[in-house]
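A.B. asks: This is entry29.csv, which holds CSV, C-alpha atoms:
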chain,number,residue,atom,x,y,z
A,26,MET,CA,13.2,23.3,-26.7
A,27,ALA,CA,12.5,24.2,-23.2
A,28,ILE,CA,8.9,25.1,-23.9
A,29,ASN,CA,8.4,21.8,-25.6
A,30,THR,CA,9.8,20.0,-22.7
A,31,LEU,CA,7.4,21.7,-20.4
A,32,GLU,CA,4.5,20.8,-22.5
A,33,TYR,CA,5.7,17.2,-22.7
A,34,ALA,CA,5.8,17.1,-18.9
A,35,LYS,CA,2.2,18.3,-18.6
A,36,LEU,CA,1.1,15.5,-21.0
A,37,PHE,CA,3.2,13.0,-19.1
A,38,GLN,CA,1.5,13.9,-15.9
A,39,THR,CA,-2.0,13.2,-17.2
A,40,GLU,CA,-0.9,10.0,-19.0
A,41,LEU,CA,1.0,8.7,-16.0
A,42,ASP,CA,-2.1,9.1,-13.8
A,43,LYS,CA,-4.2,7.3,-16.4
A,44,GLN,CA,-1.6,4.5,-16.6
A,45,VAL,CA,-1.9,3.9,-12.8
A,46,THR,CA,-5.8,3.8,-12.9
A,47,GLN,CA,-5.8,1.4,-15.8
A,48,GLN,CA,-2.9,-0.9,-15.0
A,49,ALA,CA,-2.9,-1.1,-11.2
A,50,THR,CA,-5.0,-4.1,-10.1
A,51,SER,CA,-6.4,-1.7,-7.5
A,52,GLY,CA,-7.2,0.9,-10.1
A,53,TRP,CA,-10.9,0.4,-9.6
A,54,MET,CA,-10.6,2.0,-6.2
A,55,GLU,CA,-9.9,5.3,-7.8
A,56,ALA,CA,-13.4,5.5,-9.2
A,57,ASN,CA,-14.5,6.4,-5.7
A,58,ALA,CA,-12.2,9.4,-5.7
A,59,GLY,CA,-14.4,11.2,-8.3
A,60,GLN,CA,-15.8,13.6,-5.7
A,61,VAL,CA,-12.5,14.2,-4.1
A,62,LYS,CA,-11.0,17.7,-4.6
A,63,TYR,CA,-7.3,17.9,-5.3
A,64,SER,CA,-5.4,21.1,-6.0
A,65,GLY,CA,-1.8,20.1,-5.7
A,66,GLY,CA,0.3,19.2,-2.6
A,67,ASP,CA,-0.5,16.5,-0.1
A,68,GLU,CA,-4.0,17.6,0.8
A,69,ILE,CA,-7.2,16.3,-0.6
A,70,LYS,CA,-10.8,17.2,0.4
A,71,ILE,CA,-13.4,14.5,0.7
A,72,PRO,CA,-17.0,15.3,0.6
A,73,ASP,CA,-19.1,14.2,3.5
A,74,LEU,CA,-22.8,14.3,3.2
A,75,VAL,CA,-25.0,13.6,6.3
A,76,VAL,CA,-28.8,13.7,6.3
A,77,GLN,CA,-31.1,13.1,9.1
A,78,GLY,CA,-33.6,10.2,9.2
A,79,LEU,CA,-37.3,10.0,8.8
A,80,GLY,CA,-39.7,11.7,11.3
A,81,ASP,CA,-43.4,11.3,11.8
A,82,TYR,CA,-45.6,13.1,9.3
A,83,ASP,CA,-48.1,15.4,11.0
A,84,ARG,CA,-51.4,15.9,9.3
A,85,ASP,CA,-51.8,19.4,10.8
A,86,ASN,CA,-48.2,20.6,10.7
A,87,GLY,CA,-46.9,18.6,7.8
A,88,PHE,CA,-43.4,17.6,7.5
A,89,VAL,CA,-40.7,17.5,10.2
A,90,GLN,CA,-37.8,19.7,9.2
A,91,GLY,CA,-34.7,17.7,8.4
A,92,SER,CA,-31.1,18.9,8.1
A,93,VAL,CA,-28.6,18.2,5.3
A,94,THR,CA,-24.9,18.7,6.2
A,95,PHE,CA,-22.4,18.8,3.4
A,96,LYS,CA,-18.8,19.5,4.2
A,97,TYR,CA,-15.4,18.6,3.0
A,98,GLN,CA,-13.0,16.7,5.2
A,99,THR,CA,-9.4,17.5,4.7
A,100,HIS,CA,-7.1,14.5,4.5
A,101,LYS,CA,-3.4,14.5,4.2
A,102,MET,CA,-2.0,11.9,1.8
A,103,THR,CA,0.6,9.9,3.7
A,104,GLN,CA,2.6,8.5,0.8
A,105,ASP,CA,4.9,11.2,-0.6
A,106,ARG,CA,7.3,9.3,-2.8
A,107,GLY,CA,9.7,10.4,-5.6
A,108,ARG,CA,12.8,9.6,-7.6
A,109,THR,CA,15.0,11.4,-10.0
A,110,PHE,CA,16.8,9.9,-13.1
A,111,GLN,CA,19.4,11.1,-15.4
A,112,LEU,CA,19.8,10.1,-19.0
A,113,ASP,CA,23.0,11.0,-20.8
A,114,ALA,CA,22.2,12.9,-24.0
A,115,MET,CA,24.4,10.4,-26.0
A,116,ASP,CA,22.6,7.4,-24.5
A,117,VAL,CA,19.3,8.7,-25.9
A,118,ASP,CA,20.9,8.9,-29.4
A,119,GLU,CA,22.8,5.7,-29.1
A,120,THR,CA,19.8,3.6,-28.0
A,121,ASN,CA,17.8,5.0,-30.9
A,122,PHE,CA,15.6,6.8,-28.4
A,123,GLY,CA,14.9,3.5,-26.6
A,124,ALA,CA,16.0,5.2,-23.4
A,125,SER,CA,13.8,8.2,-23.9
A,126,ALA,CA,12.1,10.1,-21.2
A,127,ALA,CA,8.7,8.6,-22.2
A,128,ASN,CA,10.0,5.1,-22.1
A,129,VAL,CA,11.8,5.5,-18.8
A,130,MET,CA,8.9,7.1,-17.0
A,131,SER,CA,6.4,4.6,-18.4
A,132,GLU,CA,8.5,1.6,-17.4
A,133,PHE,CA,9.3,3.2,-14.0
A,134,GLN,CA,5.6,3.4,-13.3
A,135,ARG,CA,4.8,0.0,-14.6
A,136,LEU,CA,7.6,-1.9,-12.8
A,137,GLN,CA,8.0,0.1,-9.7
A,138,VAL,CA,5.3,2.6,-8.9
A,139,ILE,CA,2.2,0.6,-9.7
A,140,PRO,CA,3.2,-2.5,-7.8
A,141,GLU,CA,4.0,-0.3,-4.8
A,142,ILE,CA,0.7,1.5,-4.9
A,143,ASP,CA,-1.1,-1.9,-5.2
A,144,ALA,CA,0.8,-3.4,-2.3
A,145,TYR,CA,0.2,-0.3,-0.1
A,146,ARG,CA,-3.5,-0.4,-0.8
A,147,TYR,CA,-4.0,-4.1,-0.2
A,148,SER,CA,-1.8,-4.1,3.0
A,149,PHE,CA,-3.8,-1.1,4.3
A,150,LEU,CA,-7.1,-2.9,3.7
A,151,ALA,CA,-5.8,-6.1,5.2
A,152,ALA,CA,-4.4,-4.3,8.3
A,153,LYS,CA,-7.6,-2.4,8.8
A,154,ALA,CA,-9.6,-5.6,8.6
A,155,VAL,CA,-7.3,-7.4,11.0
A,156,ALA,CA,-7.5,-4.6,13.5
A,157,LYS,CA,-11.3,-4.7,13.3
A,158,GLY,CA,-11.3,-8.5,13.8
A,159,ASN,CA,-12.6,-9.1,10.3
A,160,SER,CA,-9.9,-11.5,9.2
A,161,GLU,CA,-9.6,-15.2,9.4
A,162,SER,CA,-6.6,-17.6,9.2
A,163,TYR,CA,-7.1,-20.1,6.4
A,164,ALA,CA,-4.9,-22.6,4.6
A,165,VAL,CA,-5.8,-22.6,0.9
A,166,SER,CA,-7.2,-25.9,-0.4
A,167,PRO,CA,-9.2,-26.6,-3.6
A,168,ASP,CA,-11.6,-28.7,-1.5
A,169,THR,CA,-12.6,-25.9,0.9
A,170,ILE,CA,-11.9,-22.6,-0.8
A,171,LEU,CA,-15.3,-22.1,-2.4
A,172,ALA,CA,-17.1,-22.8,0.9
A,173,LYS,CA,-14.8,-20.4,2.7
A,174,LEU,CA,-15.2,-17.7,0.1
A,175,TYR,CA,-19.0,-17.9,0.2
A,176,GLU,CA,-18.9,-17.8,4.0
A,177,HIS,CA,-17.0,-14.5,3.8
A,178,ILE,CA,-19.2,-13.1,1.0
A,179,PHE,CA,-22.3,-13.8,3.0
A,180,GLU,CA,-20.8,-12.3,6.2
A,181,VAL,CA,-20.3,-9.1,4.3
A,182,ALA,CA,-23.7,-9.3,2.7
A,183,ASP,CA,-25.3,-9.8,6.1
A,184,LYS,CA,-24.0,-6.3,7.0
A,185,GLY,CA,-26.3,-4.9,4.4
A,186,VAL,CA,-24.0,-4.8,1.4
A,187,ASP,CA,-25.4,-5.5,-2.0
A,188,LEU,CA,-23.7,-8.6,-3.5
A,189,GLU,CA,-23.5,-6.9,-6.9
A,190,GLN,CA,-21.3,-4.2,-5.3
A,191,LEU,CA,-18.7,-6.7,-4.1
A,192,VAL,CA,-15.2,-7.1,-5.5
A,193,ILE,CA,-12.8,-9.9,-4.5
A,194,SER,CA,-9.1,-9.1,-4.8
A,195,ILE,CA,-7.5,-12.6,-4.7
A,196,ALA,CA,-3.8,-13.7,-4.6
A,197,TYR,CA,-2.8,-15.9,-7.5
A,198,PRO,CA,-2.2,-19.1,-5.4
A,199,ALA,CA,-5.8,-18.9,-4.1
A,200,TYR,CA,-7.0,-17.8,-7.5
A,201,GLY,CA,-5.4,-20.9,-9.0
A,202,ALA,CA,-7.0,-23.2,-6.5
A,203,LEU,CA,-10.4,-21.6,-7.2
A,204,THR,CA,-10.3,-21.4,-11.0
A,205,GLY,CA,-8.2,-24.5,-11.7
A,206,ASN,CA,-10.7,-27.0,-10.1
A,207,SER,CA,-12.9,-28.5,-12.8
A,208,VAL,CA,-15.9,-28.8,-10.4
A,209,LEU,CA,-15.6,-25.1,-9.2
A,210,GLN,CA,-15.1,-23.9,-12.8
A,211,LYS,CA,-18.9,-24.3,-13.4
A,212,ARG,CA,-19.5,-21.6,-10.8
A,213,ILE,CA,-17.2,-19.2,-12.5
A,214,ASP,CA,-18.0,-17.2,-15.6
A,215,VAL,CA,-16.4,-14.3,-17.5
A,216,GLY,CA,-17.7,-10.8,-17.4
A,217,ASP,CA,-16.9,-7.1,-17.9
A,218,PHE,CA,-15.3,-5.0,-15.3
A,219,ALA,CA,-14.9,-1.2,-15.9
A,220,GLN,CA,-11.7,0.3,-14.6
A,221,GLY,CA,-10.1,3.6,-15.6
A,222,GLY,CA,-12.3,4.1,-18.6
A,223,ILE,CA,-11.6,0.7,-20.1
A,224,ASN,CA,-13.5,-2.6,-19.9
A,225,LEU,CA,-11.6,-5.6,-18.7
A,226,ARG,CA,-12.8,-9.2,-19.3
A,227,ILE,CA,-12.3,-11.0,-16.0
A,228,LYS,CA,-13.5,-14.1,-14.2
A,229,MET,CA,-16.5,-13.7,-11.9
A,230,LEU,CA,-17.9,-15.9,-9.1
A,231,ASP,CA,-21.7,-15.6,-9.3
A,232,GLY,CA,-21.3,-12.1,-10.8
A,233,ILE,CA,-18.7,-11.0,-8.3
A,234,PRO,CA,-15.5,-9.9,-10.0
A,235,LEU,CA,-12.4,-11.8,-9.1
A,236,ILE,CA,-9.3,-9.6,-9.4
A,237,PRO,CA,-6.1,-11.7,-9.4
A,238,VAL,CA,-3.2,-10.1,-7.8
A,239,THR,CA,0.4,-11.3,-7.5
A,240,SER,CA,1.2,-12.6,-4.0
A,241,ASN,CA,4.0,-10.1,-3.2
A,242,ARG,CA,1.4,-7.4,-3.4
A,243,MET,CA,-1.0,-9.2,-1.1
A,244,LYS,CA,0.6,-8.9,2.3
A,245,SER,CA,-0.5,-7.5,5.6
A,246,ALA,CA,2.5,-5.1,5.9
A,247,ILE,CA,5.1,-3.8,3.5
A,248,LEU,CA,8.5,-2.3,4.1
A,249,LEU,CA,9.0,0.9,2.2
A,250,ASN,CA,12.7,1.7,1.3
A,251,ASP,CA,13.7,5.3,1.5
A,252,GLY,CA,16.1,5.0,-1.4
A,253,SER,CA,19.1,6.6,0.4
A,254,THR,CA,19.8,4.7,3.6
A,255,ALA,CA,22.5,1.9,3.3
A,256,GLY,CA,20.7,-1.2,2.1
A,257,GLN,CA,17.7,0.7,0.8
A,258,GLU,CA,19.2,2.3,-2.3
A,259,VAL,CA,17.2,0.1,-4.6
A,260,GLY,CA,14.0,2.0,-3.4
A,261,GLY,CA,10.5,0.6,-3.8
A,262,PHE,CA,9.0,-1.8,-1.4
A,263,LYS,CA,9.2,-5.4,-0.2
A,264,PRO,CA,6.9,-7.5,2.0
A,265,ASP,CA,7.7,-7.1,5.7
A,266,ALA,CA,9.4,-10.1,7.2
A,267,LEU,CA,6.7,-10.5,9.7
A,268,ALA,CA,3.8,-9.8,7.3
A,269,LYS,CA,1.1,-12.4,6.7
A,270,ASP,CA,0.1,-13.6,3.3
A,271,VAL,CA,-3.3,-12.3,2.3
A,272,HIS,CA,-5.4,-14.8,0.3
A,273,TRP,CA,-8.2,-12.5,-0.5
A,274,ILE,CA,-9.9,-9.2,0.3
A,275,ILE,CA,-13.6,-8.9,-0.1
A,276,THR,CA,-14.9,-5.4,-0.1
A,277,PRO,CA,-17.8,-3.4,-1.6
A,278,ARG,CA,-16.7,-1.4,-4.6
A,279,THR,CA,-17.5,1.8,-2.8
A,280,THR,CA,-15.5,1.3,0.4
A,281,PRO,CA,-11.9,2.1,-0.5
A,282,ILE,CA,-11.1,5.5,-1.9
A,283,GLY,CA,-7.9,5.1,-3.8
A,284,ILE,CA,-6.0,8.3,-4.7
A,285,SER,CA,-2.9,8.7,-6.7
A,286,LYS,CA,-1.6,12.0,-8.0
A,287,THR,CA,1.5,12.6,-10.0
A,288,ASP,CA,2.2,15.9,-8.3
A,289,LYS,CA,5.3,16.7,-10.2
A,290,VAL,CA,7.0,15.5,-13.4
A,291,ARG,CA,9.9,17.7,-14.3
A,292,ILE,CA,11.9,17.1,-17.4
A,293,PHE,CA,15.1,19.1,-17.9
A,294,ASP,CA,16.7,18.8,-21.4
A,295,PRO,CA,20.5,18.7,-21.6
A,296,ASN,CA,20.7,22.4,-22.4
A,297,THR,CA,18.8,23.3,-19.3
A,298,ASN,CA,20.4,20.8,-17.0
A,299,GLN,CA,23.2,22.6,-15.3
A,300,LYS,CA,24.9,19.6,-13.9
A,301,ALA,CA,25.5,17.3,-16.8
A,302,ASP,CA,24.9,16.9,-20.6
A,303,ALA,CA,22.0,14.8,-19.8
A,304,TRP,CA,18.2,14.7,-19.5
A,305,LYS,CA,17.0,14.9,-15.9
A,306,LEU,CA,13.7,13.4,-15.0
A,307,ASP,CA,12.1,14.2,-11.7
A,308,TYR,CA,9.1,12.2,-10.6
A,309,ARG,CA,7.0,12.7,-7.5
A,310,LYS,CA,3.9,10.8,-6.6
A,311,TYR,CA,1.4,11.4,-3.8
A,312,HIS,CA,-0.9,8.5,-3.1
A,313,ASP,CA,-3.1,7.0,-0.4
A,314,ILE,CA,-6.2,5.0,0.4
A,315,ILE,CA,-9.0,6.1,2.6
A,316,ILE,CA,-11.6,4.0,4.2
A,317,PRO,CA,-14.4,5.9,6.0
A,318,ASP,CA,-14.7,4.7,9.6
A,319,ASN,CA,-18.2,3.5,9.1
A,320,LYS,CA,-17.2,1.2,6.2
A,321,VAL,CA,-14.3,-0.7,7.8
A,322,ASP,CA,-16.7,-3.4,8.9
A,323,SER,CA,-17.6,-4.2,5.3
A,324,ILE,CA,-14.1,-5.6,4.6
A,325,ARG,CA,-13.4,-9.4,5.0
A,326,VAL,CA,-10.0,-10.8,4.7
A,327,ALA,CA,-8.5,-14.3,4.6
A,328,VAL,CA,-4.8,-14.6,5.7
A,329,ASN,CA,-2.4,-17.5,6.2
A,330,GLY,CA,-2.0,-18.9,9.7
B,1327,MET,CA,24.2,3.1,14.7
B,1328,ALA,CA,21.8,0.2,14.9
B,1329,GLU,CA,18.9,0.1,12.6
B,1330,ILE,CA,15.5,1.1,14.1
B,1331,LYS,CA,12.4,-0.5,12.8
B,1332,LEU,CA,9.1,1.4,12.9
B,1333,LYS,CA,5.6,0.6,11.9
B,1334,ARG,CA,2.4,2.5,11.3
B,1335,LEU,CA,-0.5,0.1,10.6
B,1336,ASN,CA,0.6,-1.5,7.3
B,1337,VAL,CA,3.8,0.4,6.6
B,1338,VAL,CA,7.2,-0.5,8.0
B,1339,LYS,CA,10.2,1.8,7.8
B,1340,VAL,CA,13.8,1.1,8.8
B,1341,VAL,CA,16.0,4.0,9.7
B,1342,ASP,CA,19.6,4.4,10.8
B,1343,SER,CA,19.4,7.3,13.2
B,1344,GLU,CA,17.4,8.5,16.2
B,1345,ASP,CA,16.6,11.8,14.4
B,1346,LYS,CA,14.9,9.9,11.5
B,1347,ALA,CA,13.1,7.7,14.0
B,1348,GLU,CA,11.8,10.7,15.8
B,1349,ALA,CA,10.6,12.3,12.6
B,1350,LEU,CA,8.7,9.2,11.8
B,1351,LYS,CA,7.3,8.9,15.3
B,1352,SER,CA,5.8,12.4,14.8
B,1353,LYS,CA,3.9,11.0,11.9
B,1354,GLY,CA,2.4,8.2,13.9
B,1355,PHE,CA,5.0,5.5,13.5
B,1356,GLU,CA,5.9,3.3,16.5
B,1357,VAL,CA,9.1,1.5,17.2
B,1358,VAL,CA,8.8,-2.3,16.5
B,1359,LYS,CA,10.6,-4.4,19.1
B,1360,ASP,CA,11.3,-7.4,17.1
B,1361,ALA,CA,12.9,-10.0,19.4
B,1362,GLU,CA,13.4,-12.4,16.4
B,1363,GLU,CA,15.6,-9.9,14.6
B,1364,LYS,CA,17.5,-8.8,17.6
B,1365,THR,CA,18.7,-12.4,18.3
B,1366,GLU,CA,20.0,-12.5,14.7
B,1367,LYS,CA,22.6,-9.9,15.6
B,1368,PRO,CA,25.8,-11.5,16.8
B,1369,LEU,CA,26.4,-11.1,20.6
B,1370,SER,CA,29.8,-9.6,20.0
B,1371,LYS,CA,28.4,-6.8,17.9
B,1372,MET,CA,25.7,-5.8,20.5
B,1373,THR,CA,26.0,-2.7,22.7
B,1374,GLU,CA,26.0,-3.1,26.4
B,1375,ALA,CA,22.4,-2.0,26.6
B,1376,GLU,CA,21.5,-4.6,24.0
B,1377,LEU,CA,23.3,-7.3,25.9
B,1378,ASP,CA,21.4,-6.3,29.1
B,1379,ALA,CA,18.1,-6.6,27.2
B,1380,TYR,CA,19.2,-9.9,25.6
B,1381,ALA,CA,20.2,-11.3,29.0
B,1382,ALA,CA,16.9,-10.2,30.6
B,1383,GLU,CA,15.0,-11.9,27.8
B,1384,LYS,CA,16.9,-15.1,28.3
B,1385,GLY,CA,16.8,-15.0,32.0
B,1386,ILE,CA,20.6,-14.6,32.4
B,1387,ASP,CA,21.7,-12.9,35.6
B,1388,LEU,CA,24.2,-10.1,34.9
B,1389,THR,CA,24.2,-8.6,38.4
B,1390,ASP,CA,27.6,-7.3,39.6
B,1391,LEU,CA,29.1,-7.4,36.1
B,1392,LYS,CA,30.5,-4.0,35.4
B,1393,ASN,CA,31.3,-3.8,31.7
B,1394,LYS,CA,30.4,-5.2,28.3
B,1395,THR,CA,33.3,-7.7,28.2
B,1396,GLU,CA,32.2,-9.3,31.4
B,1397,LYS,CA,28.6,-9.4,30.4
B,1398,LEU,CA,29.4,-10.9,27.0
B,1399,LYS,CA,31.6,-13.5,28.7
B,1400,LYS,CA,28.8,-14.5,31.2
B,1401,ILE,CA,26.2,-14.8,28.4
B,1402,LYS,CA,28.5,-17.0,26.3
B,1403,GLU,CA,29.3,-19.2,29.4
B,1404,VAL,CA,25.6,-19.7,30.1
B,1405,GLU,CA,24.8,-20.4,26.5
B,1406,GLY,CA,27.8,-22.6,25.9
B,1407,GLY,CA,29.7,-20.2,23.6
B,1408,GLU,CA,28.3,-18.4,20.5
Now, as a test, write the supplied structure out as structure tokens.
C.D. replies:
Amino acid sequence: MAINTLEYAKLFQTELDKQVTQQATSGWMEANAGQVKYSGGDEIKIPDLVVQGLGDYDRDNGFVQGSVTFKYQTHKMTQDRGRTFQLDAMDVDETNFGASAANVMSEFQRLQVIPEIDAYRYSFLAAKAVAKGNSESYAVSPDTILAKLYEHIFEVADKGVDLEQLVISIAYPAYGALTGNSVLQKRIDVGDFAQGGINLRIKMLDGIPLIPVTSNRMKSAILLNDGSTAGQEVGGFKPDALAKDVHWIITPRTTPIGISKTDKVRIFDPNTNQKADAWKLDYRKYHDIIIPDNKVDSIRVAVNG
Amino acid sequence: MAEIKLKRLNVVKVVDSEDKAEALKSKGFEVVKDAEEKTEKPLSKMTEAELDAYAAEKGIDLTDLKNKTEKLKKIKEVEGGE
């Protein structure tokens, strides 16, 4: 029994990471983490390739020697979150395995972990853009939203970003104003968007993907509950009282590097659990988002006034 | 122990002890002085230091007042009772 439980935990770990990549609205940011090295714990290594520019070709001496520097930058993931659950052995039987370890973990991720990862990433992007002066206060209106979006899109494009590389993460109220207007609908079509190994059919504005996100995940700051202090037992996150609503975030697909690693999933069956005749499920997640300094300028954000 | 609110870029944490606050500060968090939230706390539950800060913010002179009771009384007089 114990061996099987261990094997299940390994499978869970892989499946849980996959679930985040596929179901988080910010899952596409993890595609940029392909080159990132992770070998457990809170550290990751990000490759950094620097090459020198062109020099004059000399007809006598030929080429000017250039240098290529490839190194790994170590980054500590700042979000180290976890929770433990206990399932009474009888509960598992009596609910006809409805309250099984698989169901609990999957629902925990879907309802608690994924929204928190999304909210963390979007608030990070928004806060970075605000700090850089790349945000604008805007009151959503169906009459002006298209012009404002294009204004921001072209501001990013003017910095040398290919339009085809852009992604617009947009809060539902702004998404509704944009897609619900019959005049604007003509500018919007449906296309494929690859994320986590699956193809999503989503709306696009002149070929730029529009990723709709619930408004409580689109804030400039979030309050993370520690799960133990009085008043924070519920865990998870909530928008900070002083946070601004974020209408949209325009960013090249390659700018944010989203990382989420289920560092530990431990499942103790009732025979192993020393404390109670119950299943014990431990879950620990490291996650973070990294934006290289030279790419912060490619983010454009609209917030409420 | 009063709650301490700290922030690091986009993340806000609320802790209930100085030790926890110090631990977060070592990770780059900074204490948020949220005047809006401070005024939500009833005057009668404020510490003497908080009353001093509140009075300074409101421009109420507490010179020569020696204890919390006197300071609280003065603030309430100026503001017309809580």
A.B. asks: Report as a ChimeraX atom specification the set of chain A residues whose atoms approach chain B to within 9 Å, with distances computed over all atoms listed in the file.
C.D. replies: /A:103,145,148-153,156,244-251,254-255,257,265,268
A.B. asks: For the selection just defined, write its residues with C-alpha atoms to a file, as a PDB file, in the frame of the given file.
C.D. replies:
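And here's out_11.pdb as it stands now:
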ATOM      1  CA  THR A 103       0.600   9.900   3.700  1.00  0.00           C
ATOM      2  CA  TYR A 145       0.200  -0.300  -0.100  1.00  0.00           C
ATOM      3  CA  SER A 148      -1.800  -4.100   3.000  1.00  0.00           C
ATOM      4  CA  PHE A 149      -3.800  -1.100   4.300  1.00  0.00           C
ATOM      5  CA  LEU A 150      -7.100  -2.900   3.700  1.00  0.00           C
ATOM      6  CA  ALA A 151      -5.800  -6.100   5.200  1.00  0.00           C
ATOM      7  CA  ALA A 152      -4.400  -4.300   8.300  1.00  0.00           C
ATOM      8  CA  LYS A 153      -7.600  -2.400   8.800  1.00  0.00           C
ATOM      9  CA  ALA A 156      -7.500  -4.600  13.500  1.00  0.00           C
ATOM     10  CA  LYS A 244       0.600  -8.900   2.300  1.00  0.00           C
ATOM     11  CA  SER A 245      -0.500  -7.500   5.600  1.00  0.00           C
ATOM     12  CA  ALA A 246       2.500  -5.100   5.900  1.00  0.00           C
ATOM     13  CA  ILE A 247       5.100  -3.800   3.500  1.00  0.00           C
ATOM     14  CA  LEU A 248       8.500  -2.300   4.100  1.00  0.00           C
ATOM     15  CA  LEU A 249       9.000   0.900   2.200  1.00  0.00           C
ATOM     16  CA  ASN A 250      12.700   1.700   1.300  1.00  0.00           C
ATOM     17  CA  ASP A 251      13.700   5.300   1.500  1.00  0.00           C
ATOM     18  CA  THR A 254      19.800   4.700   3.600  1.00  0.00           C
ATOM     19  CA  ALA A 255      22.500   1.900   3.300  1.00  0.00           C
ATOM     20  CA  GLN A 257      17.700   0.700   0.800  1.00  0.00           C
ATOM     21  CA  ASP A 265       7.700  -7.100   5.700  1.00  0.00           C
ATOM     22  CA  ALA A 268       3.800  -9.800   7.300  1.00  0.00           C
TER      23      ALA A 268
END
A.B. asks: Fewer than 6 positions away in the same chain doesn't count, so skip those; otherwise give me all residues within 12 Å of Ala1382 (chain B), counting all atoms listed in the file, as a PyMOL selection string.
C.D. replies: chain B and resi 1361+1375-1376+1388-1389+1397+1401
A.B. asks: Go ahead and save the picked residues with C-alpha atoms, as a PDB file, in the coordinates of the input.
C.D. replies:
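Output contents, as saved in again-v5.pdb:
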ATOM      1  CA  ALA B1361      12.900 -10.000  19.400  1.00  0.00           C
ATOM      2  CA  ALA B1375      22.400  -2.000  26.600  1.00  0.00           C
ATOM      3  CA  GLU B1376      21.500  -4.600  24.000  1.00  0.00           C
ATOM      4  CA  LEU B1388      24.200 -10.100  34.900  1.00  0.00           C
ATOM      5  CA  THR B1389      24.200  -8.600  38.400  1.00  0.00           C
ATOM      6  CA  LYS B1397      28.600  -9.400  30.400  1.00  0.00           C
ATOM      7  CA  ILE B1401      26.200 -14.800  28.400  1.00  0.00           C
TER       8      ILE B1401
END
A.B. asks: Quote the spacing between CA of Gln111 (chain A) and CA of Ile142 (chain A) in Å to one decimal place.
C.D. replies: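 According to the coordinates, CA of Gln111 (chain A) and CA of Ile142 (chain A) are separated by 23.5 Å.
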A.B. asks: From the options A:Ser194, A:Ser162, A:Gln44, A:Gln137, which residue's atoms come nearest to Met243 (chain A), counting all atoms listed in the file?
C.D. replies: A:Ser194
A.B. asks: Between B:Glu1344, B:Glu1405, B:Glu1374, B:Glu1356, which one has atoms that come closest to Leu1391 (chain B), using all atoms listed in the file?
C.D. replies: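 Of B:Glu1344, B:Glu1405, B:Glu1374, B:Glu1356, the one nearest Leu1391 (chain B), counting all atoms listed in the file, is B:Glu1374.
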A.B. asks: Quick one: of A:Glu68, A:Glu161, A:Asp217, A:Glu141, who's nearest to Ile324 (chain A), counting only C-alpha atoms?
C.D. replies: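 Of A:Glu68, A:Glu161, A:Asp217, A:Glu141, the one nearest Ile324 (chain A), counting only C-alpha atoms, is A:Glu161.
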A.B. asks: Using all atoms listed in the file, find all polymer residues with an atom at most 12 Å away from the point (23.5, -6.1, 23.1); report them as a PyMOL selection string.
C.D. replies: chain B and resi 1328+1361+1364-1383+1393-1395+1397-1398+1401
A.B. asks: With distances taken over only C-alpha atoms, which of A:Gly205, A:Gly283, A:Gly65, A:Gly59 is nearest to Lys228 (chain A)?
C.D. replies: A:Gly205
A.B. asks: Is there a way to get, as an MDAnalysis selection string, all residues within 10 Å of the point (-19.9, -9.1, -2.0) in file coordinates, counting only C-alpha atoms?
C.D. replies: chainID A and resid 175 177:183 185:193 231:234 275:278 323:325
A.B. asks: Write to file, as a compact mmCIF listing (two decimals), in the frame of the given file, the residues of the selection just made, with C-alpha atoms.
C.D. replies:
# COMPACT_ATOMS: atom_id res chain seq x y z
CA TYR A 175 -19.00 -17.90 0.20
CA HIS A 177 -17.00 -14.50 3.80
CA ILE A 178 -19.20 -13.10 1.00
CA PHE A 179 -22.30 -13.80 3.00
CA GLU A 180 -20.80 -12.30 6.20
CA VAL A 181 -20.30 -9.10 4.30
CA ALA A 182 -23.70 -9.30 2.70
CA ASP A 183 -25.30 -9.80 6.10
CA GLY A 185 -26.30 -4.90 4.40
CA VAL A 186 -24.00 -4.80 1.40
CA ASP A 187 -25.40 -5.50 -2.00
CA LEU A 188 -23.70 -8.60 -3.50
CA GLU A 189 -23.50 -6.90 -6.90
CA GLN A 190 -21.30 -4.20 -5.30
CA LEU A 191 -18.70 -6.70 -4.10
CA VAL A 192 -15.20 -7.10 -5.50
CA ILE A 193 -12.80 -9.90 -4.50
CA ASP A 231 -21.70 -15.60 -9.30
CA GLY A 232 -21.30 -12.10 -10.80
CA ILE A 233 -18.70 -11.00 -8.30
CA PRO A 234 -15.50 -9.90 -10.00
CA ILE A 275 -13.60 -8.90 -0.10
CA THR A 276 -14.90 -5.40 -0.10
CA PRO A 277 -17.80 -3.40 -1.60
CA ARG A 278 -16.70 -1.40 -4.60
CA SER A 323 -17.60 -4.20 5.30
CA ILE A 324 -14.10 -5.60 4.60
CA ARG A 325 -13.40 -9.40 5.00
A.B. asks: CA of Trp273 (chain A) to CA of Thr287 (chain A): how many Å, to one decimal?
C.D. replies: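 Distance between the two atoms: 28.5 Å.
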A.B. asks: May I ask which of the residues A:Gln210, A:Asn241, A:Thr99, A:Thr109 is the closest one to Ser64 (chain A), counting all atoms listed in the file?
C.D. replies: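 Closest residue, counting all atoms listed in the file: A:Thr99.
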A.B. asks: So what do you get for CA of Ala196 (chain A) versus CA of Val215 (chain A), distance-wise?
C.D. replies: 18.0 Å
